[in-house]
Amino acid sequence: MLIKLKRVRSHLEDRKLALWLATAAGLLNAIALGAFGFFPSHMTGNTSQLSSEVSTTDFKNIAFFGAIILAFVCGAILARIIVIWGIVTNNRLVFCHILLAEGVILTAISIYETYYHAFTSNREIIVVLCGLMGLHNSTSTQLSNGRVRSTHITGTLTDAGISFASVFVAMLRRDYSKDAQAQKSQLTTHLTTIFSFLTGGIAGLSLFNYFGFTSMTGVGIVLTTVAMLSIITINRRVGKLRRAY
């Protein structure tokens, strides 16, 4: 699911991607809420809050909300630059490397917060988490050609509504064309993303209540493990092919 071997990916691959990455995003989003009272992936709300702060001329908060929006965008830009580099160098493991780096950084942050947590550094940590969320969302979006946006649930709900309407109309018209089947498959993929993010959020708050910042370490370890397993699997397959020839 993390290897982009061809231009057309199957919906099964995208659902696996949604299951892992949307769940991880939901977990991290909810844990950040429990730890800092803040959603690092909710850029719509953060942009609205920035507008509100501008109207009150609170320059400290304006700088903070501007920084988290910029961090999210920079994370997305960084992911794109790395992917372009992977395409140019024919590195099929580039998406694995991005998630591996994200998992390591997230684990390091959670360990730091576990032992050295201080309210004075909360805003800096939130900015870094927003950057990681931008990186995370950009990675899943590029890998799935826009069919899986692991943190952008507003857009996913909109897409799910469009797909549902298309499927409903096709059922009324008894349309069994390839386009109608494709819409059904896409609807299932969107619903998988939404369900994964939702269950990840529910689990994230529960885990934070029981384990504190250690729960964030778990998310980092999961991302690192998924990336490492993908790297090991593809390297073994390539090794077998080389030995066969």
# chains A, B, ... in the order shown; residues from 1 in each chain; ligands from 1

call {"tool": "closest_atom_pairs", "arguments": {"of": "region 67-117 of chain A", "to": "region 18-37 of chain A", "cutoff": "12 Å", "atoms": "only C-alpha atoms", "output": "Markdown table"}}
result
| residue | atom | partner | partner_atom | distance |
| --- | --- | --- | --- | --- |
| A:Leu99 | CA | A:Leu21 | CA | 9.5 |
| A:Glu102 | CA | A:Ala24 | CA | 11.4 |
| A:Gly103 | CA | A:Ala24 | CA | 10.3 |
| A:Leu106 | CA | A:Leu28 | CA | 9.4 |
| A:Thr107 | CA | A:Leu28 | CA | 11.4 |
| A:Ile109 | CA | A:Ala32 | CA | 11.8 |
| A:Ser110 | CA | A:Ala32 | CA | 10.6 |
| A:Glu113 | CA | A:Ala35 | CA | 9.8 |
| A:Thr114 | CA | A:Ala35 | CA | 10.9 |
| A:His117 | CA | A:Ala35 | CA | 10.2 |

call {"tool": "write_last_selection", "arguments": {"atoms": "all heavy atoms", "output": "short mmCIF file (atom, residue, chain, number, x, y, z; two decimals), in the first residue's frame"}}
result
data_model
loop_
_atom_site.label_atom_id
_atom_site.label_comp_id
_atom_site.auth_asym_id
_atom_site.auth_seq_id
_atom_site.Cartn_x
_atom_site.Cartn_y
_atom_site.Cartn_z
N LEU A 99 7.15 8.32 5.90
CA LEU A 99 6.43 7.85 7.10
C LEU A 99 7.39 7.41 8.19
O LEU A 99 7.11 7.57 9.38
CB LEU A 99 5.49 6.71 6.72
CG LEU A 99 4.23 7.11 5.95
CD1 LEU A 99 3.35 5.89 5.73
CD2 LEU A 99 3.44 8.18 6.70
N GLU A 102 8.57 10.53 9.84
CA GLU A 102 7.47 11.06 10.66
C GLU A 102 7.33 10.28 11.96
O GLU A 102 7.17 10.87 13.03
CB GLU A 102 6.16 11.00 9.88
CG GLU A 102 4.97 11.55 10.65
CD GLU A 102 3.64 11.31 9.96
OE1 GLU A 102 3.64 10.80 8.82
OE2 GLU A 102 2.61 11.61 10.59
N GLY A 103 7.38 8.95 11.86
CA GLY A 103 7.26 8.12 13.05
C GLY A 103 8.38 8.35 14.04
O GLY A 103 8.15 8.43 15.26
N LEU A 106 7.88 11.85 15.67
CA LEU A 106 6.76 11.81 16.60
C LEU A 106 7.13 11.06 17.88
O LEU A 106 6.77 11.48 18.99
CB LEU A 106 5.56 11.13 15.93
CG LEU A 106 4.25 11.11 16.72
CD1 LEU A 106 3.82 12.53 17.08
CD2 LEU A 106 3.16 10.41 15.91
N THR A 107 7.87 9.97 17.73
CA THR A 107 8.32 9.22 18.91
C THR A 107 9.25 10.06 19.77
O THR A 107 9.14 10.08 21.00
CB THR A 107 9.04 7.93 18.47
OG1 THR A 107 8.16 7.14 17.67
CG2 THR A 107 9.49 7.12 19.68
N ILE A 109 9.33 13.35 19.96
CA ILE A 109 8.55 14.39 20.62
C ILE A 109 7.82 13.85 21.84
O ILE A 109 7.81 14.47 22.92
CB ILE A 109 7.52 15.00 19.64
CG1 ILE A 109 8.22 15.82 18.56
CG2 ILE A 109 6.50 15.88 20.38
CD1 ILE A 109 7.29 16.30 17.46
N SER A 110 7.23 12.66 21.69
CA SER A 110 6.45 12.09 22.80
C SER A 110 7.35 11.71 23.97
O SER A 110 6.97 11.89 25.13
CB SER A 110 5.68 10.86 22.31
OG SER A 110 6.56 9.88 21.80
N GLU A 113 8.20 14.95 25.70
CA GLU A 113 7.07 15.44 26.48
C GLU A 113 6.84 14.59 27.73
O GLU A 113 6.40 15.10 28.76
CB GLU A 113 5.81 15.46 25.62
CG GLU A 113 5.77 16.60 24.62
CD GLU A 113 5.71 17.95 25.29
OE1 GLU A 113 4.72 18.25 25.98
OE2 GLU A 113 6.68 18.72 25.16
N THR A 114 7.11 13.30 27.64
CA THR A 114 6.91 12.41 28.78
C THR A 114 7.82 12.80 29.95
O THR A 114 7.40 12.79 31.11
CB THR A 114 7.19 10.94 28.38
OG1 THR A 114 6.28 10.57 27.34
CG2 THR A 114 7.01 10.01 29.57
N HIS A 117 7.98 17.62 29.96
CA HIS A 117 6.82 18.43 29.60
C HIS A 117 6.77 19.72 30.40
O HIS A 117 6.96 19.73 31.62
CB HIS A 117 5.52 17.64 29.85
CG HIS A 117 4.29 18.47 29.67
ND1 HIS A 117 3.88 18.95 28.45
CD2 HIS A 117 3.37 18.92 30.58
CE1 HIS A 117 2.77 19.64 28.60
NE2 HIS A 117 2.44 19.65 29.88
#

call {"tool": "residues_around", "arguments": {"residues": "Val127 (chain A)", "least_positions_apart": "6", "cutoff": "10 Å", "atoms": "only C-alpha atoms", "output": "VMD selection string"}}
result
chain A and resid 40 64 to 72 133

call {"tool": "closest_residue", "arguments": {"among": "A:Cys130, A:Ile202, A:Ala101, A:Ile153", "to": "Met228 (chain A)", "atoms": "only C-alpha atoms"}}
result
A:Ala101

call {"tool": "closest_residue", "arguments": {"among": "A:Arg173, A:Arg15, A:His136, A:Lys178", "to": "Leu78 (chain A)", "atoms": "only C-alpha atoms"}}
result
A:His136

call {"tool": "residues_around", "arguments": {"residues": "Ile77 (chain A)", "least_positions_apart": "3", "cutoff": "10 Å", "atoms": "only C-alpha atoms", "output": "JSON, numbers by chain"}}
result
{"A": [71, 72, 73, 74, 80, 81, 82, 83, 131, 134, 135, 138]}

call {"tool": "write_last_selection", "arguments": {"atoms": "N, CA, C and O atoms", "output": "short mmCIF file (atom, residue, chain, number, x, y, z; two decimals), in the first residue's frame"}}
result
data_model
loop_
_atom_site.label_atom_id
_atom_site.label_comp_id
_atom_site.auth_asym_id
_atom_site.auth_seq_id
_atom_site.Cartn_x
_atom_site.Cartn_y
_atom_site.Cartn_z
N ALA A 71 3.06 26.00 9.22
CA ALA A 71 3.72 24.71 9.48
C ALA A 71 3.02 23.58 8.72
O ALA A 71 3.68 22.70 8.15
N PHE A 72 1.70 23.59 8.71
CA PHE A 72 0.94 22.56 8.00
C PHE A 72 1.26 22.61 6.51
O PHE A 72 1.51 21.58 5.87
N VAL A 73 1.25 23.82 5.95
CA VAL A 73 1.55 23.99 4.53
C VAL A 73 2.99 23.57 4.22
O VAL A 73 3.25 22.89 3.22
N CYS A 74 3.92 23.94 5.09
CA CYS A 74 5.32 23.57 4.89
C CYS A 74 5.51 22.06 4.95
O CYS A 74 6.32 21.49 4.20
N ARG A 80 5.90 16.86 -0.73
CA ARG A 80 5.88 16.90 -2.19
C ARG A 80 7.29 16.95 -2.77
O ARG A 80 7.59 16.27 -3.76
N ILE A 81 8.15 17.77 -2.17
CA ILE A 81 9.53 17.88 -2.65
C ILE A 81 10.24 16.53 -2.54
O ILE A 81 10.96 16.10 -3.45
N ILE A 82 10.04 15.84 -1.43
CA ILE A 82 10.67 14.53 -1.23
C ILE A 82 10.15 13.53 -2.25
O ILE A 82 10.91 12.73 -2.80
N VAL A 83 8.83 13.57 -2.52
CA VAL A 83 8.25 12.64 -3.50
C VAL A 83 8.81 12.93 -4.89
O VAL A 83 9.13 11.99 -5.64
N GLY A 131 2.93 20.63 11.54
CA GLY A 131 3.81 20.33 10.41
C GLY A 131 3.78 18.86 10.05
O GLY A 131 3.73 18.49 8.87
N GLY A 134 0.58 18.06 8.22
CA GLY A 134 0.66 18.44 6.82
C GLY A 134 1.45 17.44 6.01
O GLY A 134 1.06 17.07 4.89
N LEU A 135 2.55 16.97 6.57
CA LEU A 135 3.37 15.94 5.93
C LEU A 135 2.58 14.66 5.75
O LEU A 135 2.60 14.03 4.68
N SER A 138 -0.31 15.10 3.12
CA SER A 138 0.25 15.22 1.78
C SER A 138 0.75 13.88 1.26
O SER A 138 0.59 13.55 0.08
#

call {"tool": "residues_around", "arguments": {"residues": "Ser230 (chain A)", "least_positions_apart": "5", "cutoff": "9 Å", "atoms": "only C-alpha atoms", "output": "number ranges by chain"}}
result
A: 1-3, 93, 96, 225, 235

call {"tool": "residues_around", "arguments": {"residues": "Gln183 (chain A)", "least_positions_apart": "2", "cutoff": "10 Å", "atoms": "only C-alpha atoms", "output": "PDB file with all heavy atoms, in the first residue's frame"}}
result
ATOM      1  N   ALA A 160     -17.574  11.841  -0.053  1.00  0.00           N
ATOM      2  CA  ALA A 160     -18.445  10.701   0.246  1.00  0.00           C
ATOM      3  C   ALA A 160     -19.893  11.025  -0.116  1.00  0.00           C
ATOM      4  O   ALA A 160     -20.625  10.175  -0.646  1.00  0.00           O
ATOM      5  CB  ALA A 160     -18.338  10.329   1.725  1.00  0.00           C
ATOM      6  N   ILE A 162     -20.885  13.130  -2.445  1.00  0.00           N
ATOM      7  CA  ILE A 162     -20.981  13.123  -3.913  1.00  0.00           C
ATOM      8  C   ILE A 162     -21.053  11.695  -4.433  1.00  0.00           C
ATOM      9  O   ILE A 162     -21.877  11.366  -5.306  1.00  0.00           O
ATOM     10  CB  ILE A 162     -19.774  13.858  -4.525  1.00  0.00           C
ATOM     11  CG1 ILE A 162     -19.840  15.353  -4.178  1.00  0.00           C
ATOM     12  CG2 ILE A 162     -19.727  13.666  -6.036  1.00  0.00           C
ATOM     13  CD1 ILE A 162     -18.588  16.122  -4.539  1.00  0.00           C
ATOM     14  N   SER A 163     -20.191  10.814  -3.894  1.00  0.00           N
ATOM     15  CA  SER A 163     -20.189   9.414  -4.327  1.00  0.00           C
ATOM     16  C   SER A 163     -21.503   8.722  -3.983  1.00  0.00           C
ATOM     17  O   SER A 163     -22.044   7.950  -4.782  1.00  0.00           O
ATOM     18  CB  SER A 163     -19.020   8.664  -3.678  1.00  0.00           C
ATOM     19  OG  SER A 163     -17.786   9.170  -4.114  1.00  0.00           O
ATOM     20  N   PHE A 164     -22.019   9.033  -2.778  1.00  0.00           N
ATOM     21  CA  PHE A 164     -23.291   8.420  -2.369  1.00  0.00           C
ATOM     22  C   PHE A 164     -24.421   8.841  -3.302  1.00  0.00           C
ATOM     23  O   PHE A 164     -25.255   8.009  -3.700  1.00  0.00           O
ATOM     24  CB  PHE A 164     -23.629   8.813  -0.932  1.00  0.00           C
ATOM     25  CG  PHE A 164     -24.957   8.283  -0.465  1.00  0.00           C
ATOM     26  CD1 PHE A 164     -25.072   6.967  -0.025  1.00  0.00           C
ATOM     27  CD2 PHE A 164     -26.091   9.087  -0.471  1.00  0.00           C
ATOM     28  CE1 PHE A 164     -26.297   6.470   0.395  1.00  0.00           C
ATOM     29  CE2 PHE A 164     -27.315   8.595  -0.057  1.00  0.00           C
ATOM     30  CZ  PHE A 164     -27.415   7.270   0.379  1.00  0.00           C
ATOM     31  N   ALA A 165     -24.454  10.121  -3.645  1.00  0.00           N
ATOM     32  CA  ALA A 165     -25.492  10.610  -4.556  1.00  0.00           C
ATOM     33  C   ALA A 165     -25.379   9.930  -5.917  1.00  0.00           C
ATOM     34  O   ALA A 165     -26.389   9.539  -6.522  1.00  0.00           O
ATOM     35  CB  ALA A 165     -25.381  12.124  -4.709  1.00  0.00           C
ATOM     36  N   SER A 166     -24.168   9.759  -6.392  1.00  0.00           N
ATOM     37  CA  SER A 166     -23.953   9.106  -7.688  1.00  0.00           C
ATOM     38  C   SER A 166     -24.410   7.655  -7.651  1.00  0.00           C
ATOM     39  O   SER A 166     -25.056   7.161  -8.585  1.00  0.00           O
ATOM     40  CB  SER A 166     -22.468   9.174  -8.073  1.00  0.00           C
ATOM     41  OG  SER A 166     -22.043  10.515  -8.210  1.00  0.00           O
ATOM     42  N   VAL A 167     -24.086   6.962  -6.549  1.00  0.00           N
ATOM     43  CA  VAL A 167     -24.486   5.560  -6.402  1.00  0.00           C
ATOM     44  C   VAL A 167     -26.002   5.446  -6.292  1.00  0.00           C
ATOM     45  O   VAL A 167     -26.625   4.556  -6.895  1.00  0.00           O
ATOM     46  CB  VAL A 167     -23.810   4.939  -5.157  1.00  0.00           C
ATOM     47  CG1 VAL A 167     -24.394   3.558  -4.852  1.00  0.00           C
ATOM     48  CG2 VAL A 167     -22.303   4.834  -5.373  1.00  0.00           C
ATOM     49  N   PHE A 168     -26.614   6.362  -5.530  1.00  0.00           N
ATOM     50  CA  PHE A 168     -28.064   6.327  -5.337  1.00  0.00           C
ATOM     51  C   PHE A 168     -28.803   6.532  -6.661  1.00  0.00           C
ATOM     52  O   PHE A 168     -29.759   5.807  -6.981  1.00  0.00           O
ATOM     53  CB  PHE A 168     -28.464   7.410  -4.335  1.00  0.00           C
ATOM     54  CG  PHE A 168     -29.936   7.450  -4.038  1.00  0.00           C
ATOM     55  CD1 PHE A 168     -30.547   6.437  -3.324  1.00  0.00           C
ATOM     56  CD2 PHE A 168     -30.717   8.519  -4.487  1.00  0.00           C
ATOM     57  CE1 PHE A 168     -31.912   6.473  -3.055  1.00  0.00           C
ATOM     58  CE2 PHE A 168     -32.075   8.557  -4.224  1.00  0.00           C
ATOM     59  CZ  PHE A 168     -32.676   7.525  -3.503  1.00  0.00           C
ATOM     60  N   ALA A 170     -27.575   5.978  -9.622  1.00  0.00           N
ATOM     61  CA  ALA A 170     -27.292   4.813 -10.474  1.00  0.00           C
ATOM     62  C   ALA A 170     -28.211   3.642 -10.114  1.00  0.00           C
ATOM     63  O   ALA A 170     -28.671   2.914 -11.003  1.00  0.00           O
ATOM     64  CB  ALA A 170     -25.833   4.407 -10.321  1.00  0.00           C
ATOM     65  N   LYS A 178     -19.462   0.652 -15.724  1.00  0.00           N
ATOM     66  CA  LYS A 178     -18.199   0.698 -14.989  1.00  0.00           C
ATOM     67  C   LYS A 178     -18.104   1.944 -14.127  1.00  0.00           C
ATOM     68  O   LYS A 178     -17.531   1.923 -13.035  1.00  0.00           O
ATOM     69  CB  LYS A 178     -17.026   0.647 -15.972  1.00  0.00           C
ATOM     70  CG  LYS A 178     -16.825  -0.704 -16.638  1.00  0.00           C
ATOM     71  CD  LYS A 178     -15.583  -0.689 -17.516  1.00  0.00           C
ATOM     72  CE  LYS A 178     -15.369  -2.060 -18.156  1.00  0.00           C
ATOM     73  NZ  LYS A 178     -14.152  -2.066 -19.020  1.00  0.00           N
ATOM     74  N   ASP A 179     -18.664   3.048 -14.598  1.00  0.00           N
ATOM     75  CA  ASP A 179     -18.622   4.288 -13.834  1.00  0.00           C
ATOM     76  C   ASP A 179     -19.400   4.153 -12.526  1.00  0.00           C
ATOM     77  O   ASP A 179     -18.962   4.632 -11.477  1.00  0.00           O
ATOM     78  CB  ASP A 179     -19.204   5.432 -14.677  1.00  0.00           C
ATOM     79  CG  ASP A 179     -19.110   6.770 -13.956  1.00  0.00           C
ATOM     80  OD1 ASP A 179     -17.990   7.216 -13.682  1.00  0.00           O
ATOM     81  OD2 ASP A 179     -20.178   7.349 -13.644  1.00  0.00           O
ATOM     82  N   ALA A 180     -20.558   3.492 -12.584  1.00  0.00           N
ATOM     83  CA  ALA A 180     -21.359   3.289 -11.370  1.00  0.00           C
ATOM     84  C   ALA A 180     -20.619   2.393 -10.384  1.00  0.00           C
ATOM     85  O   ALA A 180     -20.626   2.643  -9.163  1.00  0.00           O
ATOM     86  CB  ALA A 180     -22.708   2.666 -11.737  1.00  0.00           C
ATOM     87  N   GLN A 181     -19.962   1.345 -10.889  1.00  0.00           N
ATOM     88  CA  GLN A 181     -19.194   0.459 -10.025  1.00  0.00           C
ATOM     89  C   GLN A 181     -18.008   1.194  -9.389  1.00  0.00           C
ATOM     90  O   GLN A 181     -17.674   0.979  -8.226  1.00  0.00           O
ATOM     91  CB  GLN A 181     -18.701  -0.754 -10.825  1.00  0.00           C
ATOM     92  CG  GLN A 181     -19.804  -1.679 -11.315  1.00  0.00           C
ATOM     93  CD  GLN A 181     -20.632  -2.243 -10.179  1.00  0.00           C
ATOM     94  OE1 GLN A 181     -20.102  -2.636  -9.140  1.00  0.00           O
ATOM     95  NE2 GLN A 181     -21.943  -2.292 -10.373  1.00  0.00           N
ATOM     96  N   SER A 185     -17.095   1.765  -5.377  1.00  0.00           N
ATOM     97  CA  SER A 185     -15.785   1.479  -4.795  1.00  0.00           C
ATOM     98  C   SER A 185     -15.214   2.713  -4.109  1.00  0.00           C
ATOM     99  O   SER A 185     -14.654   2.633  -3.010  1.00  0.00           O
ATOM    100  CB  SER A 185     -14.819   0.995  -5.878  1.00  0.00           C
ATOM    101  OG  SER A 185     -15.249  -0.230  -6.432  1.00  0.00           O
ATOM    102  N   GLN A 186     -15.376   3.882  -4.750  1.00  0.00           N
ATOM    103  CA  GLN A 186     -14.857   5.113  -4.174  1.00  0.00           C
ATOM    104  C   GLN A 186     -15.593   5.473  -2.890  1.00  0.00           C
ATOM    105  O   GLN A 186     -14.982   5.953  -1.927  1.00  0.00           O
ATOM    106  CB  GLN A 186     -14.993   6.256  -5.174  1.00  0.00           C
ATOM    107  CG  GLN A 186     -14.306   7.547  -4.742  1.00  0.00           C
ATOM    108  CD  GLN A 186     -12.821   7.363  -4.515  1.00  0.00           C
ATOM    109  OE1 GLN A 186     -12.091   6.980  -5.411  1.00  0.00           O
ATOM    110  NE2 GLN A 186     -12.367   7.630  -3.306  1.00  0.00           N
ATOM    111  N   LEU A 187     -16.915   5.236  -2.860  1.00  0.00           N
ATOM    112  CA  LEU A 187     -17.699   5.500  -1.646  1.00  0.00           C
ATOM    113  C   LEU A 187     -17.196   4.641  -0.495  1.00  0.00           C
ATOM    114  O   LEU A 187     -17.043   5.126   0.630  1.00  0.00           O
ATOM    115  CB  LEU A 187     -19.181   5.223  -1.914  1.00  0.00           C
ATOM    116  CG  LEU A 187     -20.113   5.368  -0.701  1.00  0.00           C
ATOM    117  CD1 LEU A 187     -20.060   6.787  -0.143  1.00  0.00           C
ATOM    118  CD2 LEU A 187     -21.543   5.004  -1.086  1.00  0.00           C
ATOM    119  N   THR A 188     -16.920   3.373  -0.759  1.00  0.00           N
ATOM    120  CA  THR A 188     -16.401   2.480   0.280  1.00  0.00           C
ATOM    121  C   THR A 188     -15.054   2.968   0.794  1.00  0.00           C
ATOM    122  O   THR A 188     -14.784   2.926   2.002  1.00  0.00           O
ATOM    123  CB  THR A 188     -16.259   1.046  -0.272  1.00  0.00           C
ATOM    124  OG1 THR A 188     -17.515   0.615  -0.785  1.00  0.00           O
ATOM    125  CG2 THR A 188     -15.814   0.092   0.824  1.00  0.00           C
ATOM    126  N   THR A 189     -14.214   3.458  -0.107  1.00  0.00           N
ATOM    127  CA  THR A 189     -12.907   3.985   0.295  1.00  0.00           C
ATOM    128  C   THR A 189     -13.070   5.214   1.193  1.00  0.00           C
ATOM    129  O   THR A 189     -12.398   5.339   2.223  1.00  0.00           O
ATOM    130  CB  THR A 189     -12.070   4.356  -0.948  1.00  0.00           C
ATOM    131  OG1 THR A 189     -11.883   3.188  -1.755  1.00  0.00           O
ATOM    132  CG2 THR A 189     -10.711   4.901  -0.542  1.00  0.00           C
TER     133      THR A 189
END

call {"tool": "atom_distance", "arguments": {"atom1": "CA of Tyr116 (chain A)", "atom2": "CA of Thr224 (chain A)"}}
result
22.8 Å
